[in-house]
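A.B. asks: I have a structure I would like to understand better, so I am pasting it below and will then ask my questions one at a time.
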Amino acid sequence: MRGSHVILIMLVLGMSALTMVGCKDGVPQSELDEFILQMSDLDASTQADSLRAIAAAGMPRAAFATYMTGNNFYLTAGDTARVNGWGSKQANALLDSAEIYFGAAVAMDSTFVEALVNLGSLWDDRSEQLSSREDRDSKVAQAEKYYRLALKVAPLDEKARCNLGSLYLRQRRTMEAKAEFQQVLKDNPGSSLAHYNMAIMFAEAKIYREAISEWELAVKNDPDGDIGERSRDNIDIVKDLMKTQVPNDEKSKH
């Protein structure tokens, strides 16, 4: 899964052991963050009842409640997909429910960036299902559409831009992916998320020293968060991988 307030998987590498990045904990930064934190303190039944009541009460918290309900379906879809894959009926049904709620949140507030990002993320996940090339391309196009709508509302949104870059990277549109990550770093040089993604790009290209440098910057900017933790794990994995590789000049001797 990708997107904000949900697990932010940037890219599944060929080096399958590399860990993927999750949502970053920290002090709430917005009204939405505060709302989610408040609702997260409730038990599941009370939370569901509260979200339904708030959703029926009107803006702006109605959009927040609708979005969070969609997020709950999306998180459950991710848990289901880890066991059964994105192509399973259960995961698809949960994605359908998440899409309905995210779409409803956007209908309430067309500038709801987080909901737009998660709609992009949702279609991004659907593109990983086994299907025809035409069907996958259509789903990728939907994902790109929502990321671009989010960026139209908030050009500096790092999650939308990094997810768009990761989408390009999976399509082997490397220069376009790099441009998105670099734009995030131009706007916010301390973006641990952008540095993490740059590292993924370098690691997939087997430019391991550059990847390590980018992960080190991610750790520097997020020392106690999830991105920093995952970056440290990936640094260790890549360093171990580098130790097992035989230099080209050594190969030529045999």
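Residues in the structure tokens are numbered from 1 in each chain, the chains being A, B, ... in the order shown, and ligands are numbered from 1 in the order shown.
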Give me the residues within 12 Å of Val238 of chain A as a VMD selection string, counting only C-alpha atoms and dropping any in the same chain fewer than 2 places off.
C.D. replies: chain A and resid 13 15 to 19 199 to 200 202 to 204 206 to 213 215 231 to 236 240 to 245
A.B. asks: Given the choices A:Met68, A:Ala93, A:Gly85, A:Glu176, which gets closest to Leu130 of chain A if the distance is worked out from only C-alpha atoms?
C.D. replies: A:Gly85
A.B. asks: Please determine, counting only C-alpha atoms, which residue among A:Ser166, A:Ser132, A:Ser127, A:Asn221 has the shortest atom-to-atom distance to Met198 of chain A.
C.D. replies: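 For Met198 of chain A, the nearest of the candidates is A:Ser166.
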A.B. asks: For segment 70-84 of chain A, find every residue with an atom within 6 Å (counting only C-alpha atoms), except residues of its own chain fewer than 2 positions away, and show them as a list in words.
C.D. replies: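 What passes the distance filter is Tyr67, Met68, Trp86, Ser88, Ala91, Leu94, Ala98, Tyr101 and Phe102 of chain A.
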A.B. asks: Smallest atom-to-atom distance to Leu185 of chain A: which of A:Arg148, A:Arg170, A:Asp96, A:Ala218, using only C-alpha atoms?
C.D. replies: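 With only C-alpha atoms as the atom set, the closest residue is A:Ala218.
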A.B. asks: Using only C-alpha atoms, which residues sit within 10 Å of Asp109 of chain A once same-chain residues fewer than 4 positions away are excluded, as a list in words?
C.D. replies: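 That gives Met59, Pro60, Ala62, Ala63, Phe64, Gly103, Ala104, Ala105, Val113 and Ala115 of chain A.
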A.B. asks: Could you name the residues that touch Lys152 of chain A at 12 Å or less, counting only C-alpha atoms, but leaving out those on the same chain fewer than 3 positions away, as a PyMOL selection string?
C.D. replies: chain A and resi 110-113+116-117+145-149+155-157+160-161
A.B. asks: Write a file of the selected residues as a compact mmCIF listing (two decimals), in the first residue's frame, keeping C-alpha atoms.
C.D. replies:
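What ended up in selection.txt:
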```
# COMPACT_ATOMS: atom_id res chain seq x y z
CA SER A 110 -12.32 18.57 -3.64
CA THR A 111 -9.06 19.87 -2.09
CA PHE A 112 -8.73 16.88 0.28
CA VAL A 113 -5.14 16.02 -0.66
CA LEU A 116 -6.63 12.04 -3.44
CA VAL A 117 -3.21 10.57 -2.63
CA LYS A 145 -4.29 10.79 -12.42
CA TYR A 146 -5.02 10.96 -8.70
CA TYR A 147 -1.41 11.73 -7.77
CA ARG A 148 -1.45 14.60 -10.26
CA LEU A 149 -4.80 15.87 -8.92
CA PRO A 155 2.36 21.01 -5.34
CA LEU A 156 4.63 20.58 -2.31
CA ASP A 157 2.95 17.40 -1.03
CA ALA A 160 1.97 12.49 -3.67
CA ARG A 161 5.19 13.38 -5.48
```
A.B. asks: Could you find all residues in segment 14-226 of chain A that DSSP calls helix (DSSP H, G or I) from the backbone, and write them as a VMD selection string?
C.D. replies: chain A and resid 31 to 40 44 to 55 61 to 84 89 to 108 113 to 126 133 to 153 158 to 170 174 to 187 192 to 204 208 to 221 226
A.B. asks: Give me the residues near Asn197 of chain A as an MDAnalysis selection string, where near means some atom within 8 Å (using only C-alpha atoms) and where sequence neighbours in that chain fewer than 4 positions away do not count.
C.D. replies: chainID A and resid 10 162 166 181 193 201
A.B. asks: Mind writing the picked residues with N, CA and C atoms as a PDB file, in the first residue's frame?
C.D. replies:
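Saved the output as selection_28.pdb:
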```pdb
ATOM      1  N   MET A  10       7.142   2.135  -1.057  1.00  0.00           N
ATOM      2  CA  MET A  10       7.620   2.896  -2.198  1.00  0.00           C
ATOM      3  C   MET A  10       7.937   2.032  -3.398  1.00  0.00           C
ATOM      4  N   CYS A 162       6.377  11.688  -4.183  1.00  0.00           N
ATOM      5  CA  CYS A 162       7.216  10.489  -4.043  1.00  0.00           C
ATOM      6  C   CYS A 162       6.501   9.249  -4.572  1.00  0.00           C
ATOM      7  N   SER A 166       7.737   6.896  -7.560  1.00  0.00           N
ATOM      8  CA  SER A 166       7.857   5.445  -7.427  1.00  0.00           C
ATOM      9  C   SER A 166       7.082   4.720  -8.517  1.00  0.00           C
ATOM     10  N   PHE A 181      11.641  12.965  -7.313  1.00  0.00           N
ATOM     11  CA  PHE A 181      12.329  12.918  -6.013  1.00  0.00           C
ATOM     12  C   PHE A 181      13.174  14.172  -5.802  1.00  0.00           C
ATOM     13  N   LEU A 193      11.652  10.985   3.279  1.00  0.00           N
ATOM     14  CA  LEU A 193      10.921  10.153   2.326  1.00  0.00           C
ATOM     15  C   LEU A 193      11.545  10.228   0.936  1.00  0.00           C
ATOM     16  N   MET A 201      15.956   3.956  -5.814  1.00  0.00           N
ATOM     17  CA  MET A 201      16.293   4.097  -7.228  1.00  0.00           C
ATOM     18  C   MET A 201      17.731   3.655  -7.489  1.00  0.00           C
TER      19      MET A 201
END
```
